[in-house]
$ cat upload_27.cif   # mmCIF, N, CA, C and O atoms
data_data
loop_
_atom_site.label_atom_id
_atom_site.label_comp_id
_atom_site.auth_asym_id
_atom_site.auth_seq_id
_atom_site.Cartn_x
_atom_site.Cartn_y
_atom_site.Cartn_z
N MET A 268 -12.16 13.44 -4.56
CA MET A 268 -11.62 12.10 -4.45
C MET A 268 -10.92 11.74 -5.76
O MET A 268 -11.46 11.93 -6.83
N ALA A 269 -9.74 11.21 -5.67
CA ALA A 269 -8.97 10.82 -6.85
C ALA A 269 -9.34 9.40 -7.29
O ALA A 269 -9.92 8.63 -6.53
N ARG A 270 -8.99 9.11 -8.50
CA ARG A 270 -9.22 7.74 -8.98
C ARG A 270 -8.22 6.81 -8.30
O ARG A 270 -7.17 7.23 -7.82
N ARG A 271 -8.57 5.51 -8.26
CA ARG A 271 -7.67 4.54 -7.64
C ARG A 271 -7.82 3.19 -8.32
O ARG A 271 -8.88 2.87 -8.86
N ILE A 272 -6.75 2.42 -8.29
CA ILE A 272 -6.78 1.07 -8.87
C ILE A 272 -7.49 0.15 -7.87
O ILE A 272 -7.11 0.09 -6.71
N ILE A 273 -8.52 -0.53 -8.35
CA ILE A 273 -9.25 -1.45 -7.46
C ILE A 273 -9.00 -2.91 -7.81
O ILE A 273 -9.33 -3.79 -7.01
N ALA A 274 -8.42 -3.17 -8.99
CA ALA A 274 -8.14 -4.55 -9.37
C ALA A 274 -7.16 -4.57 -10.54
O ALA A 274 -7.00 -3.58 -11.25
N GLN A 275 -6.52 -5.71 -10.70
CA GLN A 275 -5.67 -5.91 -11.87
C GLN A 275 -5.65 -7.39 -12.21
O GLN A 275 -5.89 -8.24 -11.37
N CYS A 276 -5.41 -7.67 -13.48
CA CYS A 276 -5.29 -9.04 -13.94
C CYS A 276 -4.32 -9.05 -15.12
O CYS A 276 -4.01 -8.01 -15.69
N ASN A 277 -3.83 -10.24 -15.47
CA ASN A 277 -2.84 -10.33 -16.54
C ASN A 277 -3.07 -11.56 -17.40
O ASN A 277 -4.06 -12.28 -17.23
N THR A 278 -2.14 -11.80 -18.32
CA THR A 278 -2.27 -12.89 -19.29
C THR A 278 -2.47 -14.24 -18.62
O THR A 278 -3.28 -15.05 -19.06
N VAL A 279 -1.75 -14.49 -17.54
CA VAL A 279 -1.89 -15.77 -16.83
C VAL A 279 -3.32 -15.93 -16.33
O VAL A 279 -3.89 -17.02 -16.45
N ASP A 280 -3.89 -14.86 -15.80
CA ASP A 280 -5.27 -14.93 -15.32
C ASP A 280 -6.25 -15.23 -16.45
O ASP A 280 -7.20 -15.99 -16.28
N PHE A 281 -6.02 -14.62 -17.64
CA PHE A 281 -6.90 -14.88 -18.78
C PHE A 281 -6.80 -16.33 -19.22
O PHE A 281 -7.81 -16.95 -19.55
N ASN A 282 -5.60 -16.88 -19.23
CA ASN A 282 -5.42 -18.28 -19.59
C ASN A 282 -6.09 -19.19 -18.56
O ASN A 282 -6.72 -20.19 -18.92
N ASP A 283 -5.96 -18.86 -17.28
CA ASP A 283 -6.57 -19.67 -16.22
C ASP A 283 -8.09 -19.64 -16.28
O ASP A 283 -8.75 -20.61 -15.92
N ILE A 284 -8.65 -18.53 -16.71
CA ILE A 284 -10.10 -18.36 -16.70
C ILE A 284 -10.75 -18.84 -18.00
O ILE A 284 -11.96 -18.90 -18.10
N ALA A 285 -9.95 -19.19 -18.99
CA ALA A 285 -10.47 -19.58 -20.31
C ALA A 285 -11.48 -20.71 -20.20
O ALA A 285 -12.50 -20.71 -20.90
N HIS A 286 -11.24 -21.68 -19.32
CA HIS A 286 -12.19 -22.79 -19.19
C HIS A 286 -13.53 -22.32 -18.64
O HIS A 286 -14.58 -22.84 -18.98
N LEU A 287 -13.52 -21.28 -17.78
CA LEU A 287 -14.78 -20.73 -17.28
C LEU A 287 -15.54 -20.01 -18.38
O LEU A 287 -16.76 -20.05 -18.42
N VAL A 288 -14.80 -19.33 -19.26
CA VAL A 288 -15.44 -18.65 -20.39
C VAL A 288 -16.15 -19.67 -21.28
O VAL A 288 -17.28 -19.46 -21.71
N ASP A 289 -15.50 -20.81 -21.53
CA ASP A 289 -16.13 -21.88 -22.32
C ASP A 289 -17.37 -22.41 -21.61
O ASP A 289 -18.40 -22.67 -22.24
N LEU A 290 -17.29 -22.58 -20.30
CA LEU A 290 -18.42 -23.08 -19.52
C LEU A 290 -19.62 -22.14 -19.64
O LEU A 290 -20.74 -22.57 -19.91
N VAL A 291 -19.39 -20.84 -19.47
CA VAL A 291 -20.47 -19.86 -19.54
C VAL A 291 -21.02 -19.78 -20.96
O VAL A 291 -22.23 -19.66 -21.16
N SER A 292 -20.14 -19.85 -21.97
CA SER A 292 -20.58 -19.80 -23.36
C SER A 292 -21.51 -20.96 -23.70
O SER A 292 -22.36 -20.84 -24.56
N ASN A 293 -21.34 -22.08 -23.00
CA ASN A 293 -22.17 -23.26 -23.25
C ASN A 293 -23.37 -23.33 -22.30
O ASN A 293 -23.96 -24.39 -22.13
N GLY A 294 -23.72 -22.20 -21.67
CA GLY A 294 -24.91 -22.16 -20.83
C GLY A 294 -24.69 -22.48 -19.38
O GLY A 294 -25.64 -22.56 -18.61
N GLY A 295 -23.45 -22.66 -18.95
CA GLY A 295 -23.15 -22.95 -17.55
C GLY A 295 -23.17 -21.70 -16.70
O GLY A 295 -23.41 -20.60 -17.18
N ALA A 296 -22.92 -21.88 -15.42
CA ALA A 296 -22.90 -20.75 -14.49
C ALA A 296 -21.61 -20.77 -13.68
O ALA A 296 -21.05 -21.82 -13.42
N VAL A 297 -21.17 -19.59 -13.29
CA VAL A 297 -19.99 -19.46 -12.44
C VAL A 297 -20.42 -18.76 -11.16
O VAL A 297 -21.07 -17.72 -11.19
N PHE A 298 -20.08 -19.36 -10.03
CA PHE A 298 -20.41 -18.78 -8.74
C PHE A 298 -19.21 -18.01 -8.24
O PHE A 298 -18.16 -18.58 -7.94
N GLN A 299 -19.35 -16.69 -8.14
CA GLN A 299 -18.21 -15.84 -7.79
C GLN A 299 -17.75 -16.03 -6.35
O GLN A 299 -16.66 -15.61 -5.99
N ASP A 300 -18.55 -16.69 -5.51
CA ASP A 300 -18.13 -16.95 -4.14
C ASP A 300 -16.88 -17.84 -4.10
O ASP A 300 -16.12 -17.80 -3.14
N ASN A 301 -16.70 -18.64 -5.13
CA ASN A 301 -15.58 -19.58 -5.17
C ASN A 301 -14.34 -19.00 -5.83
O ASN A 301 -13.35 -19.69 -5.98
N LEU A 302 -14.38 -17.72 -6.26
CA LEU A 302 -13.28 -17.12 -6.97
C LEU A 302 -12.48 -16.19 -6.06
O LEU A 302 -13.03 -15.56 -5.17
N ASN A 303 -11.16 -16.10 -6.33
CA ASN A 303 -10.35 -15.13 -5.58
C ASN A 303 -10.49 -13.75 -6.24
O ASN A 303 -11.14 -13.60 -7.28
N SER A 304 -9.86 -12.73 -5.66
CA SER A 304 -10.05 -11.36 -6.15
C SER A 304 -9.51 -11.16 -7.57
O SER A 304 -10.10 -10.43 -8.36
N ARG A 305 -8.40 -11.81 -7.92
CA ARG A 305 -7.87 -11.69 -9.28
C ARG A 305 -8.81 -12.34 -10.29
O ARG A 305 -9.01 -11.82 -11.38
N GLN A 306 -9.38 -13.47 -9.93
CA GLN A 306 -10.33 -14.14 -10.82
C GLN A 306 -11.59 -13.30 -11.00
O GLN A 306 -12.13 -13.22 -12.10
N LYS A 307 -12.04 -12.65 -9.94
CA LYS A 307 -13.21 -11.78 -10.04
C LYS A 307 -12.92 -10.59 -10.95
O LYS A 307 -13.76 -10.20 -11.76
N ALA A 308 -11.72 -10.02 -10.83
CA ALA A 308 -11.33 -8.91 -11.72
C ALA A 308 -11.28 -9.39 -13.16
O ALA A 308 -11.72 -8.69 -14.07
N THR A 309 -10.77 -10.59 -13.36
CA THR A 309 -10.67 -11.15 -14.71
C THR A 309 -12.06 -11.35 -15.30
O THR A 309 -12.30 -11.01 -16.46
N ILE A 310 -12.98 -11.87 -14.51
CA ILE A 310 -14.37 -12.04 -14.96
C ILE A 310 -14.97 -10.69 -15.33
O ILE A 310 -15.66 -10.56 -16.34
N ARG A 311 -14.69 -9.66 -14.54
CA ARG A 311 -15.20 -8.31 -14.82
C ARG A 311 -14.68 -7.81 -16.17
O ARG A 311 -15.43 -7.24 -16.97
N VAL A 312 -13.39 -8.03 -16.44
CA VAL A 312 -12.79 -7.59 -17.70
C VAL A 312 -13.37 -8.40 -18.86
O VAL A 312 -13.71 -7.84 -19.91
N VAL A 313 -13.49 -9.71 -18.70
CA VAL A 313 -14.07 -10.56 -19.75
C VAL A 313 -15.49 -10.11 -20.06
O VAL A 313 -15.88 -10.01 -21.22
N TYR A 314 -16.27 -9.80 -19.03
CA TYR A 314 -17.64 -9.34 -19.22
C TYR A 314 -17.66 -8.02 -20.01
O TYR A 314 -18.47 -7.84 -20.91
N HIS A 315 -16.75 -7.11 -19.66
CA HIS A 315 -16.67 -5.83 -20.38
C HIS A 315 -16.37 -6.07 -21.86
O HIS A 315 -17.00 -5.48 -22.73
N PHE A 316 -15.42 -6.96 -22.15
CA PHE A 316 -15.09 -7.26 -23.54
C PHE A 316 -16.28 -7.89 -24.25
O PHE A 316 -16.56 -7.59 -25.40
N GLU A 317 -17.00 -8.76 -23.55
CA GLU A 317 -18.18 -9.39 -24.14
C GLU A 317 -19.24 -8.36 -24.47
O GLU A 317 -19.86 -8.39 -25.54
N GLN A 318 -19.47 -7.40 -23.57
CA GLN A 318 -20.44 -6.34 -23.81
C GLN A 318 -20.05 -5.45 -24.99
O GLN A 318 -20.90 -4.85 -25.62
N CYS A 319 -18.76 -5.38 -25.26
CA CYS A 319 -18.26 -4.57 -26.38
C CYS A 319 -18.18 -5.38 -27.68
O CYS A 319 -17.82 -4.83 -28.73
N GLY A 320 -18.48 -6.67 -27.62
CA GLY A 320 -18.43 -7.50 -28.81
C GLY A 320 -17.01 -7.85 -29.26
O GLY A 320 -16.79 -8.16 -30.42
N VAL A 321 -16.06 -7.80 -28.34
CA VAL A 321 -14.67 -8.10 -28.65
C VAL A 321 -14.39 -9.56 -28.27
O VAL A 321 -14.68 -9.96 -27.14
N PRO A 322 -13.83 -10.36 -29.18
CA PRO A 322 -13.59 -11.78 -28.89
C PRO A 322 -12.56 -12.00 -27.78
O PRO A 322 -11.66 -11.18 -27.56
N PHE A 323 -12.70 -13.11 -27.08
CA PHE A 323 -11.82 -13.47 -25.98
C PHE A 323 -10.36 -13.54 -26.41
O PHE A 323 -9.46 -13.21 -25.63
N LYS A 324 -10.10 -13.93 -27.65
CA LYS A 324 -8.71 -14.08 -28.11
C LYS A 324 -7.94 -12.75 -28.05
O LYS A 324 -6.73 -12.76 -27.94
N VAL A 325 -8.65 -11.62 -28.11
CA VAL A 325 -7.98 -10.31 -27.98
C VAL A 325 -7.42 -10.15 -26.57
O VAL A 325 -6.34 -9.59 -26.39
N LEU A 326 -8.11 -10.67 -25.56
CA LEU A 326 -7.61 -10.60 -24.19
C LEU A 326 -6.26 -11.29 -24.05
O LEU A 326 -5.43 -10.88 -23.24
N LEU A 327 -6.05 -12.33 -24.82
CA LEU A 327 -4.80 -13.08 -24.72
C LEU A 327 -3.62 -12.30 -25.30
O LEU A 327 -2.47 -12.73 -25.17
N LYS A 328 -3.88 -11.15 -25.92
CA LYS A 328 -2.83 -10.29 -26.44
C LYS A 328 -2.44 -9.20 -25.44
O LYS A 328 -1.61 -8.36 -25.73
N LEU A 329 -3.08 -9.23 -24.26
CA LEU A 329 -2.82 -8.22 -23.24
C LEU A 329 -1.87 -8.77 -22.18
O LEU A 329 -2.01 -9.90 -21.74
N ARG A 330 -0.94 -7.94 -21.78
CA ARG A 330 -0.02 -8.31 -20.71
C ARG A 330 -0.67 -8.07 -19.35
O ARG A 330 -0.53 -8.85 -18.43
N GLU A 331 -1.42 -6.96 -19.26
CA GLU A 331 -2.02 -6.59 -17.99
C GLU A 331 -3.20 -5.65 -18.22
O GLU A 331 -3.22 -4.89 -19.18
N VAL A 332 -4.18 -5.74 -17.32
CA VAL A 332 -5.31 -4.81 -17.31
C VAL A 332 -5.45 -4.28 -15.89
O VAL A 332 -5.50 -5.04 -14.93
N LEU A 333 -5.49 -2.95 -15.78
CA LEU A 333 -5.75 -2.30 -14.50
C LEU A 333 -7.18 -1.79 -14.51
O LEU A 333 -7.63 -1.21 -15.50
N VAL A 334 -7.91 -2.03 -13.43
CA VAL A 334 -9.29 -1.56 -13.30
C VAL A 334 -9.26 -0.39 -12.32
O VAL A 334 -8.85 -0.54 -11.17
N TRP A 335 -9.67 0.77 -12.81
CA TRP A 335 -9.66 2.00 -12.01
C TRP A 335 -11.08 2.34 -11.58
O TRP A 335 -12.01 2.24 -12.38
N GLU A 336 -11.23 2.79 -10.34
CA GLU A 336 -12.50 3.36 -9.90
C GLU A 336 -12.36 4.87 -10.02
O GLU A 336 -11.45 5.47 -9.44
N MET A 337 -13.25 5.46 -10.76
CA MET A 337 -13.20 6.90 -11.01
C MET A 337 -13.96 7.65 -9.90
O MET A 337 -14.74 7.04 -9.17
N PRO A 338 -13.74 8.95 -9.79
CA PRO A 338 -14.41 9.74 -8.74
C PRO A 338 -15.94 9.62 -8.76
O PRO A 338 -16.58 9.69 -7.72
N ASP A 339 -16.54 9.40 -9.95
CA ASP A 339 -17.99 9.26 -10.04
C ASP A 339 -18.45 7.83 -9.79
O ASP A 339 -19.59 7.48 -10.06
N LYS A 340 -17.55 6.98 -9.29
CA LYS A 340 -17.79 5.55 -8.99
C LYS A 340 -17.90 4.68 -10.24
O LYS A 340 -18.25 3.52 -10.16
N GLY A 341 -17.64 5.26 -11.41
CA GLY A 341 -17.59 4.47 -12.63
C GLY A 341 -16.26 3.73 -12.72
O GLY A 341 -15.34 3.96 -11.93
N LEU A 342 -16.15 2.84 -13.68
CA LEU A 342 -14.92 2.07 -13.86
C LEU A 342 -14.23 2.48 -15.16
O LEU A 342 -14.89 2.80 -16.15
N ALA A 343 -12.92 2.44 -15.14
CA ALA A 343 -12.11 2.66 -16.34
C ALA A 343 -11.09 1.54 -16.39
O ALA A 343 -10.64 1.03 -15.36
N PHE A 344 -10.74 1.14 -17.60
CA PHE A 344 -9.78 0.05 -17.80
C PHE A 344 -8.53 0.59 -18.49
O PHE A 344 -8.63 1.36 -19.44
N GLU A 345 -7.38 0.17 -18.00
CA GLU A 345 -6.11 0.54 -18.62
C GLU A 345 -5.46 -0.75 -19.12
O GLU A 345 -5.28 -1.69 -18.36
N TYR A 346 -5.12 -0.77 -20.40
CA TYR A 346 -4.60 -1.98 -21.04
C TYR A 346 -3.11 -1.83 -21.35
O TYR A 346 -2.68 -0.78 -21.82
N LYS A 347 -2.36 -2.91 -21.13
CA LYS A 347 -0.97 -2.96 -21.52
C LYS A 347 -0.80 -4.19 -22.41
O LYS A 347 -1.12 -5.31 -22.00
N LEU A 348 -0.33 -3.96 -23.62
CA LEU A 348 -0.22 -5.03 -24.61
C LEU A 348 1.05 -5.85 -24.42
O LEU A 348 2.08 -5.32 -23.99
N LEU A 349 0.97 -7.14 -24.79
CA LEU A 349 2.18 -7.97 -24.83
C LEU A 349 3.18 -7.41 -25.82
O LEU A 349 4.37 -7.34 -25.56
N ASP A 350 2.68 -6.99 -26.98
CA ASP A 350 3.50 -6.38 -28.01
C ASP A 350 3.03 -4.94 -28.20
O ASP A 350 2.00 -4.71 -28.83
N PRO A 351 3.75 -3.96 -27.65
CA PRO A 351 3.31 -2.57 -27.75
C PRO A 351 3.16 -2.06 -29.18
O PRO A 351 2.50 -1.06 -29.42
N ARG A 352 3.73 -2.76 -30.16
CA ARG A 352 3.64 -2.34 -31.56
C ARG A 352 2.43 -2.97 -32.27
O ARG A 352 2.25 -2.75 -33.47
N ASP A 353 1.62 -3.72 -31.58
CA ASP A 353 0.45 -4.39 -32.17
C ASP A 353 -0.66 -3.35 -32.39
O ASP A 353 -1.55 -3.18 -31.57
N SER A 354 -0.58 -2.67 -33.52
CA SER A 354 -1.51 -1.56 -33.79
C SER A 354 -2.95 -2.05 -34.02
O SER A 354 -3.89 -1.32 -33.69
N ALA A 355 -3.12 -3.24 -34.54
CA ALA A 355 -4.48 -3.75 -34.78
C ALA A 355 -5.22 -3.95 -33.45
O ALA A 355 -6.38 -3.53 -33.31
N THR A 356 -4.55 -4.56 -32.48
CA THR A 356 -5.18 -4.77 -31.17
C THR A 356 -5.38 -3.43 -30.47
O THR A 356 -6.43 -3.20 -29.86
N TRP A 357 -4.41 -2.54 -30.58
CA TRP A 357 -4.54 -1.23 -29.96
C TRP A 357 -5.76 -0.49 -30.52
O TRP A 357 -6.51 0.15 -29.78
N HIS A 358 -5.99 -0.60 -31.83
CA HIS A 358 -7.15 0.03 -32.45
C HIS A 358 -8.45 -0.55 -31.91
O HIS A 358 -9.41 0.19 -31.64
N ILE A 359 -8.50 -1.86 -31.75
CA ILE A 359 -9.70 -2.51 -31.20
C ILE A 359 -9.98 -1.97 -29.80
O ILE A 359 -11.12 -1.63 -29.46
N LEU A 360 -8.94 -1.88 -28.98
CA LEU A 360 -9.12 -1.42 -27.60
C LEU A 360 -9.58 0.04 -27.54
O LEU A 360 -10.40 0.40 -26.71
N ARG A 361 -9.05 0.86 -28.42
CA ARG A 361 -9.40 2.29 -28.41
C ARG A 361 -10.81 2.56 -28.93
O ARG A 361 -11.43 3.56 -28.56
N THR A 362 -11.33 1.68 -29.77
CA THR A 362 -12.63 1.94 -30.40
C THR A 362 -13.77 1.11 -29.81
O THR A 362 -14.91 1.30 -30.23
N MET A 363 -13.49 0.21 -28.89
CA MET A 363 -14.58 -0.64 -28.39
C MET A 363 -15.49 0.15 -27.45
O MET A 363 -15.05 0.99 -26.68
N GLN A 364 -16.79 -0.13 -27.60
CA GLN A 364 -17.82 0.51 -26.78
C GLN A 364 -18.86 -0.55 -26.44
O GLN A 364 -19.21 -1.37 -27.28
N PRO A 365 -19.35 -0.51 -25.19
CA PRO A 365 -20.40 -1.48 -24.84
C PRO A 365 -21.63 -1.30 -25.70
O PRO A 365 -22.00 -0.17 -26.03
N ARG A 366 -22.23 -2.41 -26.08
CA ARG A 366 -23.49 -2.36 -26.82
C ARG A 366 -24.62 -2.07 -25.87
O ARG A 366 -24.54 -2.34 -24.68
N LYS A 367 -25.68 -1.51 -26.40
CA LYS A 367 -26.86 -1.27 -25.57
C LYS A 367 -27.49 -2.60 -25.22
O LYS A 367 -27.61 -3.49 -26.07
N VAL A 368 -27.92 -2.73 -23.98
CA VAL A 368 -28.56 -3.94 -23.51
C VAL A 368 -30.05 -3.72 -23.56
O VAL A 368 -30.56 -2.73 -23.02
N ASN A 369 -30.76 -4.62 -24.22
CA ASN A 369 -32.22 -4.52 -24.27
C ASN A 369 -32.79 -5.01 -22.96
O ASN A 369 -32.53 -6.12 -22.51
N SER A 370 -33.58 -4.17 -22.31
CA SER A 370 -34.21 -4.58 -21.04
C SER A 370 -35.52 -5.30 -21.37
O SER A 370 -36.24 -4.93 -22.28
N ARG A 371 -35.77 -6.32 -20.60
CA ARG A 371 -37.01 -7.10 -20.78
C ARG A 371 -37.98 -6.72 -19.70
O ARG A 371 -37.60 -6.55 -18.55
N GLY A 372 -39.21 -6.71 -20.02
CA GLY A 372 -40.18 -6.47 -18.96
C GLY A 372 -41.18 -5.55 -19.36
O GLY A 372 -41.95 -4.86 -19.24
#

$ encode --input "upload_27.cif" --output "structure tokens"
Amino acid sequence: MARRIIAQCNTVDFNDIAHLVDLVSNGGAVFQDNLNSRQKATIRVVYHFEQCGVPFKVLLKLREVLVWEMPDKGLAFEYKLLDPRDSATWHILRTMQPRKVNSRG
């Protein structure tokens, strides 16, 4: 089975979702039943960036994000920058890794 694109989002989506990010940061909740597929993809990307410790403002430097489903059912993200010469942001994207999550129990 080949990889395939399962979602995409762009700068407009990140700007639209910014108020939800503020809500969650302040202890609120977001119910995904009320979101469309692009908003759900955007939330997935924001969550990935949060797990990697990358600030939300870096997302605003992206033109588009493609979410790929890999043959092993894992996810991969493809980033396209607003400014392709922005080497600082490109370095952040290439080196980010999710932090380990401490399980409770």

$ select_by_dssp --input "upload_27.cif" --residues "chain A" --states "helix (DSSP H, G or I)" --output "PyMOL selection string"
chain A and resi 278-292+299-301+304-318+323-326+354-362

$ resolve_selection --input "upload_27.cif" --expression "the PyMOL selection byres (((chain A and resi 282 and name CA) around 12) and name CA)" --output "number ranges by chain"
A: 276-281, 283-289, 306, 309-310, 313, 323-330

$ resolve_selection --input "upload_27.cif" --expression "the PyMOL selection byres (((chain A and resi 332 and name CA) around 7) and name CA)" --output "list in words"
Gln275, Cys276, Asn277, Glu331, Leu333, Val334, Phe344, Glu345, Tyr346 and Lys347 of chain A

$ atom_distance --input "upload_27.cif" --atom1 "atom N of A:Gln299" --atom2 "atom CA of A:Phe316"
18.6 Å

$ atom_distance --input "upload_27.cif" --atom1 "atom C of A:Gln364" --atom2 "atom O of A:Ser304"
22.4 Å

$ atom_distance --input "upload_27.cif" --atom1 "atom CA of A:Met337" --atom2 "atom CA of A:Ile273"
9.9 Å

$ select_by_dssp --input "upload_27.cif" --residues "stretch 277-369 of chain A" --states "strand (DSSP E)" --output "list in words"
Asn277, Leu329, Arg330, Glu331, Val332, Leu333, Val334, Trp335, Glu336, Leu342, Ala343, Phe344, Glu345, Tyr346, Lys347 and Leu348 of chain A

$ axis_aligned_box --input "upload_27.cif" --around "stretch 327-346 of chain A" --padding-each-side "6 Å" --output "AutoDock Vina command-line options"
--center_x -9.8 --center_y -1.7 --center_z -17.1 --size_x 31.6 --size_y 34.8 --size_z 30.7

$ closest_residue --input "upload_27.cif" --among "A:Leu349, A:Ala343, A:Ala355, A:Ala274" --to "A:Lys307" --atoms "only N, CA, C and O atoms"
A:Ala274
